[in-house]
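The file start.txt comes next; it holds compact mmCIF, C-alpha atoms.
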```
# COMPACT_ATOMS: atom_id res chain seq x y z
CA MET A 1 -88.64 -17.73 -60.39
CA LEU A 2 -87.58 -16.75 -63.90
CA GLU A 3 -88.79 -19.91 -65.59
CA GLY A 4 -91.25 -19.31 -68.41
CA VAL A 5 -90.65 -15.56 -68.73
CA ASP A 6 -89.93 -14.59 -72.35
CA PHE A 7 -87.35 -11.88 -71.74
CA GLY A 8 -87.17 -11.24 -75.49
CA ARG A 9 -90.64 -9.69 -75.25
CA VAL A 10 -90.15 -7.88 -71.94
CA SER A 11 -89.44 -4.16 -71.91
CA ALA A 12 -90.26 -3.25 -68.28
CA VAL A 13 -89.60 -5.33 -65.16
CA ALA A 14 -90.05 -4.54 -61.48
CA GLU A 15 -88.53 -6.45 -58.60
CA LEU A 16 -90.22 -5.89 -55.25
CA GLY A 17 -88.15 -6.58 -52.18
CA PRO A 18 -84.99 -7.71 -53.95
CA GLY A 19 -83.11 -7.82 -50.66
CA SER A 20 -79.44 -8.34 -51.39
CA GLY A 21 -80.25 -9.31 -55.00
CA ALA A 22 -80.48 -13.10 -55.20
CA PHE A 23 -82.78 -12.91 -58.25
CA THR A 24 -81.48 -9.59 -59.55
CA ALA A 25 -78.35 -10.95 -61.26
CA PRO A 26 -80.24 -13.55 -63.34
CA ILE A 27 -82.89 -10.94 -64.21
CA LEU A 28 -80.24 -8.47 -65.39
CA GLU A 29 -78.49 -11.17 -67.43
CA ARG A 30 -81.72 -11.89 -69.32
CA LEU A 31 -83.01 -8.34 -69.90
CA ARG A 32 -82.61 -7.08 -73.44
CA PRO A 33 -80.87 -3.76 -74.03
CA GLY A 34 -83.09 -0.76 -73.41
CA SER A 35 -85.40 -2.57 -70.98
CA VAL A 36 -86.47 -0.73 -67.85
CA PHE A 37 -85.62 -2.44 -64.56
CA MET A 38 -87.09 -1.13 -61.31
CA PRO A 39 -85.90 -2.78 -58.11
CA ILE A 40 -87.85 -1.48 -55.10
CA GLU A 41 -86.56 -2.12 -51.58
CA LEU A 42 -87.94 -0.41 -48.47
CA ASN A 43 -85.63 -1.97 -45.87
CA PRO A 44 -82.53 0.27 -45.48
CA VAL A 45 -80.24 -2.60 -44.46
CA MET A 46 -81.27 -4.66 -47.51
CA ALA A 47 -81.05 -1.56 -49.72
CA SER A 48 -77.46 -1.01 -48.57
CA ALA A 49 -76.57 -4.64 -49.34
CA PHE A 50 -78.22 -4.35 -52.77
CA ARG A 51 -76.32 -1.17 -53.63
CA ALA A 52 -73.02 -2.76 -52.57
CA ARG A 53 -73.65 -5.73 -54.85
CA PHE A 54 -75.14 -3.76 -57.79
CA PRO A 55 -73.56 -0.28 -57.65
CA GLY A 56 -74.64 0.62 -61.20
CA VAL A 57 -78.31 -0.29 -60.74
CA GLU A 58 -80.76 2.41 -59.67
CA LEU A 59 -82.57 1.16 -56.56
CA HIS A 60 -85.82 2.77 -55.44
CA GLU A 61 -85.75 2.83 -51.66
CA ARG A 62 -89.49 3.15 -51.25
CA SER A 63 -92.61 1.14 -50.58
CA ALA A 64 -93.79 -1.25 -53.30
CA ALA A 65 -97.09 0.64 -53.04
CA ASP A 66 -95.31 3.51 -54.86
CA ILE A 67 -94.71 1.44 -58.00
CA GLY A 68 -97.08 3.58 -60.11
CA GLU A 69 -95.17 6.75 -59.23
CA ILE A 70 -91.87 4.98 -59.92
CA CYS A 71 -93.16 3.92 -63.33
CA ARG A 72 -94.10 7.51 -64.14
CA ALA A 73 -90.65 8.74 -63.08
CA LYS A 74 -89.08 6.13 -65.40
CA GLY A 75 -91.21 7.31 -68.33
CA LEU A 76 -93.66 4.42 -68.20
CA PRO A 77 -97.42 4.65 -67.89
CA GLU A 78 -98.66 4.48 -64.30
CA ARG A 79 -101.28 1.98 -65.47
CA HIS A 80 -100.43 -1.20 -67.37
CA GLY A 81 -96.81 -0.31 -68.17
CA VAL A 82 -94.94 -3.25 -66.61
CA ASP A 83 -94.55 -6.64 -68.29
CA VAL A 84 -93.61 -8.72 -65.25
CA ILE A 85 -93.11 -8.20 -61.53
CA PHE A 86 -90.86 -10.44 -59.45
CA SER A 87 -91.37 -10.29 -55.71
CA GLY A 88 -89.39 -11.38 -52.71
CA LEU A 89 -91.83 -9.68 -50.35
CA PRO A 90 -92.95 -11.67 -47.29
CA TRP A 91 -96.63 -11.56 -48.27
CA ALA A 92 -97.79 -13.93 -45.52
CA ALA A 93 -96.30 -11.62 -42.88
CA PHE A 94 -98.42 -8.66 -44.03
CA THR A 95 -101.78 -7.59 -42.67
CA PRO A 96 -104.76 -8.17 -44.95
CA GLU A 97 -104.95 -4.41 -45.56
CA LEU A 98 -101.29 -4.20 -46.62
CA GLN A 99 -101.62 -7.25 -48.87
CA GLU A 100 -104.63 -5.69 -50.59
CA SER A 101 -103.05 -2.25 -51.02
CA LEU A 102 -99.83 -3.70 -52.44
CA LEU A 103 -101.78 -5.97 -54.78
CA ASP A 104 -103.84 -2.97 -55.92
CA ALA A 105 -100.60 -1.23 -56.88
CA VAL A 106 -99.15 -4.34 -58.55
CA ILE A 107 -102.27 -5.14 -60.58
CA GLY A 108 -102.57 -1.50 -61.58
CA VAL A 109 -99.15 -1.38 -63.24
CA LEU A 110 -99.06 -4.84 -64.82
CA LYS A 111 -99.90 -5.07 -68.50
CA PRO A 112 -102.94 -7.22 -69.33
CA GLY A 113 -101.94 -10.86 -68.88
CA GLY A 114 -98.78 -9.84 -67.03
CA PRO A 115 -97.58 -11.93 -64.12
CA LEU A 116 -96.66 -11.25 -60.54
CA ILE A 117 -94.12 -13.96 -59.72
CA THR A 118 -93.40 -14.50 -56.04
CA PHE A 119 -92.22 -17.25 -53.77
CA THR A 120 -93.16 -18.43 -50.32
CA TYR A 121 -92.03 -21.09 -47.95
CA ASN A 122 -94.09 -24.26 -47.53
CA THR A 123 -94.48 -23.45 -43.86
CA SER A 124 -96.50 -20.35 -44.80
CA LEU A 125 -99.41 -22.61 -45.77
CA LEU A 126 -99.55 -23.77 -42.16
CA THR A 127 -100.37 -20.24 -41.04
CA ARG A 128 -103.66 -18.40 -41.31
CA ALA A 129 -101.90 -15.47 -42.97
CA GLY A 130 -100.29 -17.71 -45.59
CA ARG A 131 -103.59 -19.39 -46.42
CA ARG A 132 -105.24 -15.97 -46.53
CA PHE A 133 -102.65 -14.78 -49.08
CA ALA A 134 -103.34 -17.86 -51.24
CA ASP A 135 -107.05 -17.02 -51.12
CA VAL A 136 -106.44 -13.34 -51.89
CA ILE A 137 -104.34 -14.02 -55.01
CA ALA A 138 -106.85 -16.63 -56.21
CA ARG A 139 -109.55 -13.94 -55.96
CA ARG A 140 -107.51 -11.03 -57.36
CA PHE A 141 -105.84 -12.68 -60.36
CA GLU A 142 -107.37 -14.37 -63.37
CA ARG A 143 -105.04 -17.35 -63.08
CA VAL A 144 -102.63 -18.52 -60.35
CA GLU A 145 -100.13 -21.30 -60.91
CA ARG A 146 -98.12 -22.92 -58.15
CA SER A 147 -94.77 -24.60 -58.85
CA PRO A 148 -93.73 -27.87 -57.28
CA THR A 149 -91.98 -27.46 -53.96
CA VAL A 150 -88.22 -26.91 -54.20
CA LEU A 151 -87.06 -29.25 -51.47
CA LEU A 152 -83.39 -28.29 -51.87
CA ASN A 153 -84.26 -24.75 -50.82
CA LEU A 154 -83.94 -24.29 -47.07
CA PRO A 155 -86.61 -23.97 -45.94
CA PRO A 156 -88.50 -25.65 -48.81
CA ALA A 157 -90.35 -23.14 -50.97
CA PHE A 158 -92.53 -22.82 -54.04
CA VAL A 159 -93.36 -20.15 -56.60
CA TYR A 160 -96.71 -18.51 -57.33
CA ARG A 161 -97.24 -17.15 -60.86
CA CYS A 162 -100.24 -14.83 -60.72
CA TYR A 163 -101.58 -13.58 -64.06
CA THR A 164 -103.77 -10.53 -64.56
CA ALA A 165 -106.73 -10.63 -66.95
CA ARG A 166 -105.93 -10.13 -70.64
```
For this file, write the structure as structure tokens.
Amino acid sequence: MLEGVDFGRVSAVAELGPGSGAFTAPILERLRPGSVFMPIELNPVMASAFRARFPGVELHERSAADIGEICRAKGLPERHGVDVIFSGLPWAAFTPELQESLLDAVIGVLKPGGPLITFTYNTSLLTRAGRRFADVIARRFERVERSPTVLLNLPPAFVYRCYTAR
């Protein structure tokens, strides 16, 4: 998930749906001092697990759709203020309307050329919703890259890197 991100040039990072924080620790290790980190978790059970694991990290227990407001509260512009967004959200499980509204919010806060980096399980491509998400990101982003499948992950998964227009 973090491969290819130049953390030396990153000053603002969001993590959508961090859950218990599987990617959070490596993100925090790589962030340079003074960088803004905004984990956003709506699920109260996952939020509790996150806070137990990262007691010193401010967690925003809100919808990812609120990312613009969260940016403003952190002193960032509501538009184009975030360098990179990592996501553990289950995109293929969302309705088309929710996918679109969340992507509107994500694209709105990403800096030009900034990536949304998310993962999904190979099985998602067998579902209509998973194929729909692949089509939606191909339409909404200037460039979408797909990693090779990580077979050692159970279930096997891959990463989408979705870049906004420059």
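Nearest residue to Ile117 of chain A among A:Arg32, A:Arg132, A:Lys74, A:Arg161 is A:Arg161, counting all atoms listed in the file.
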Exercise for the section: Could you give me, as a PyMOL selection string, the residues within 9 Å of segment 138-142 of chain A, counting all atoms listed in the file and dropping anything in the same chain fewer than 5 positions from it? Expected result: chain A and resi 103-104+107+113+133+162-166
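Remark: for Ala65 of chain A, the closest of the candidate residues A:Ala12, A:Val109, A:Ala22, A:Ala92 is A:Val109 (distances computed over all atoms listed in the file).
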Exercise for the section: Go ahead and find all residues with at least one atom no further than 7 Å from (-86.6, -6.5, -66.0) in the file's coordinates, using all atoms listed in the file; report them as a VMD selection string. Expected result: chain A and resid 11 to 14 27 to 28 31 35 to 37
For the residues selected in the previous step, produce a file with C-alpha atoms as a PDB file, keeping the file's coordinate frame.
```pdb
ATOM      1  CA  SER A  11     -89.440  -4.160 -71.910  1.00  0.00           C
ATOM      2  CA  ALA A  12     -90.260  -3.250 -68.280  1.00  0.00           C
ATOM      3  CA  VAL A  13     -89.600  -5.330 -65.160  1.00  0.00           C
ATOM      4  CA  ALA A  14     -90.050  -4.540 -61.480  1.00  0.00           C
ATOM      5  CA  ILE A  27     -82.890 -10.940 -64.210  1.00  0.00           C
ATOM      6  CA  LEU A  28     -80.240  -8.470 -65.390  1.00  0.00           C
ATOM      7  CA  LEU A  31     -83.010  -8.340 -69.900  1.00  0.00           C
ATOM      8  CA  SER A  35     -85.400  -2.570 -70.980  1.00  0.00           C
ATOM      9  CA  VAL A  36     -86.470  -0.730 -67.850  1.00  0.00           C
ATOM     10  CA  PHE A  37     -85.620  -2.440 -64.560  1.00  0.00           C
TER      11      PHE A  37
END
```
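Taking atom CA of Ala157 of chain A as the reference point, atom CA of Asp83 of chain A is found at 24.3 Å.
Taking all atoms listed in the file into account, Glu15 of chain A lies nearest to A:Pro115 out of the set A:Pro115, A:Pro77, A:Gly108, A:Pro148.
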Exercise for the section: List every protein, DNA or RNA residue that has at least one atom no more than 7 Å from (-100.0, -1.9, -66.7) in the file's coordinates, counting all atoms listed in the file, and write the result as a ChimeraX atom specification. Expected result: /A:78-82,108-112
Completion exercise
Among A:Ile40, A:Val10, A:Leu2, A:Leu59, Pro26 of chain A is approached most closely, using all atoms listed in the file, by A:Leu2
Practice task
One decimal, Å: what's the distance from atom CA of Trp91 of chain A over to atom CA of Ala105 of chain A, could you say?
Solution key: 14.0 Å
Write out, as CSV, each residue of segment 2-112 of chain A that has an atom at most 10 Å from segment 126-131 of chain A, together with the closest pair of atoms and their distance in Å to one decimal, counting only C-alpha atoms, rows going by chain and rising number.
```
residue,atom,partner,partner_atom,distance
A:Pro90,CA,A:Gly130,CA,9.7
A:Trp91,CA,A:Gly130,CA,7.6
A:Ala92,CA,A:Gly130,CA,4.5
A:Ala93,CA,A:Ala129,CA,6.8
A:Phe94,CA,A:Ala129,CA,7.7
A:Thr95,CA,A:Ala129,CA,7.9
A:Pro96,CA,A:Ala129,CA,8.1
```
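For the atom pair formed by atom CA of Leu16 of chain A and atom CA of Ser87 of chain A, the distance is 4.6 Å, given to one decimal.
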Fill in the blank from the handout: Counting all atoms listed in the file, the residue among A:Ile85, A:Gly17, A:Leu98, A:Val136 that lies closest to His60 of chain A is A:Gly17
As a short mmCIF file (atom, residue, chain, number, x, y, z; two decimals), keeping the file's coordinate frame, the rebuilt segment 78-109 of chain A with N, CA and C atoms:
```cif
data_model
loop_
_atom_site.label_atom_id
_atom_site.label_comp_id
_atom_site.auth_asym_id
_atom_site.auth_seq_id
_atom_site.Cartn_x
_atom_site.Cartn_y
_atom_site.Cartn_z
N GLU A 78 -98.37 4.91 -65.67
CA GLU A 78 -98.66 4.48 -64.30
C GLU A 78 -99.62 3.30 -64.28
N ARG A 79 -100.35 3.10 -65.36
CA ARG A 79 -101.28 1.98 -65.47
C ARG A 79 -100.82 1.09 -66.62
N HIS A 80 -100.69 -0.17 -66.35
CA HIS A 80 -100.43 -1.20 -67.37
C HIS A 80 -99.15 -0.96 -68.17
N GLY A 81 -98.07 -0.57 -67.49
CA GLY A 81 -96.81 -0.31 -68.17
C GLY A 81 -95.71 -1.33 -67.89
N VAL A 82 -95.97 -2.30 -67.02
CA VAL A 82 -94.94 -3.25 -66.61
C VAL A 82 -95.29 -4.65 -67.12
N ASP A 83 -94.32 -5.31 -67.73
CA ASP A 83 -94.55 -6.64 -68.29
C ASP A 83 -94.60 -7.73 -67.24
N VAL A 84 -93.70 -7.67 -66.27
CA VAL A 84 -93.61 -8.72 -65.25
C VAL A 84 -93.07 -8.11 -63.97
N ILE A 85 -93.58 -8.62 -62.83
CA ILE A 85 -93.11 -8.20 -61.53
C ILE A 85 -92.65 -9.44 -60.77
N PHE A 86 -91.40 -9.40 -60.32
CA PHE A 86 -90.86 -10.44 -59.45
C PHE A 86 -90.92 -9.90 -58.03
N SER A 87 -91.25 -10.76 -57.09
CA SER A 87 -91.37 -10.29 -55.71
C SER A 87 -90.73 -11.24 -54.73
N GLY A 88 -89.94 -10.66 -53.84
CA GLY A 88 -89.39 -11.38 -52.71
C GLY A 88 -90.04 -10.91 -51.41
N LEU A 89 -91.16 -10.20 -51.53
CA LEU A 89 -91.83 -9.68 -50.35
C LEU A 89 -92.40 -10.81 -49.50
N PRO A 90 -92.39 -10.65 -48.18
CA PRO A 90 -92.95 -11.67 -47.29
C PRO A 90 -94.47 -11.51 -47.15
N TRP A 91 -95.19 -11.82 -48.19
CA TRP A 91 -96.63 -11.56 -48.27
C TRP A 91 -97.39 -12.11 -47.07
N ALA A 92 -97.05 -13.30 -46.63
CA ALA A 92 -97.79 -13.93 -45.52
C ALA A 92 -97.58 -13.20 -44.20
N ALA A 93 -96.56 -12.36 -44.11
CA ALA A 93 -96.30 -11.62 -42.88
C ALA A 93 -97.08 -10.30 -42.84
N PHE A 94 -97.72 -9.94 -43.95
CA PHE A 94 -98.42 -8.66 -44.03
C PHE A 94 -99.86 -8.77 -43.53
N THR A 95 -100.37 -7.66 -43.05
CA THR A 95 -101.78 -7.59 -42.67
C THR A 95 -102.64 -7.73 -43.93
N PRO A 96 -103.89 -8.10 -43.77
CA PRO A 96 -104.76 -8.17 -44.95
C PRO A 96 -104.84 -6.83 -45.69
N GLU A 97 -104.86 -5.74 -44.95
CA GLU A 97 -104.95 -4.41 -45.56
C GLU A 97 -103.70 -4.11 -46.40
N LEU A 98 -102.52 -4.44 -45.87
CA LEU A 98 -101.29 -4.20 -46.62
C LEU A 98 -101.22 -5.09 -47.85
N GLN A 99 -101.59 -6.36 -47.71
CA GLN A 99 -101.62 -7.25 -48.87
C GLN A 99 -102.49 -6.65 -49.97
N GLU A 100 -103.68 -6.23 -49.60
CA GLU A 100 -104.63 -5.69 -50.59
C GLU A 100 -104.09 -4.42 -51.24
N SER A 101 -103.53 -3.51 -50.44
CA SER A 101 -103.05 -2.25 -51.02
C SER A 101 -101.85 -2.48 -51.94
N LEU A 102 -100.97 -3.40 -51.57
CA LEU A 102 -99.83 -3.70 -52.44
C LEU A 102 -100.30 -4.40 -53.72
N LEU A 103 -101.26 -5.30 -53.58
CA LEU A 103 -101.78 -5.97 -54.78
C LEU A 103 -102.52 -4.99 -55.68
N ASP A 104 -103.22 -4.02 -55.11
CA ASP A 104 -103.84 -2.97 -55.92
C ASP A 104 -102.79 -2.28 -56.79
N ALA A 105 -101.68 -1.91 -56.16
CA ALA A 105 -100.60 -1.23 -56.88
C ALA A 105 -100.00 -2.12 -57.96
N VAL A 106 -99.75 -3.38 -57.62
CA VAL A 106 -99.15 -4.34 -58.55
C VAL A 106 -100.07 -4.57 -59.75
N ILE A 107 -101.32 -4.86 -59.49
CA ILE A 107 -102.27 -5.14 -60.58
C ILE A 107 -102.46 -3.90 -61.45
N GLY A 108 -102.41 -2.74 -60.83
CA GLY A 108 -102.57 -1.50 -61.58
C GLY A 108 -101.48 -1.26 -62.61
N VAL A 109 -100.25 -1.66 -62.31
CA VAL A 109 -99.15 -1.38 -63.24
C VAL A 109 -98.87 -2.52 -64.22
#
```
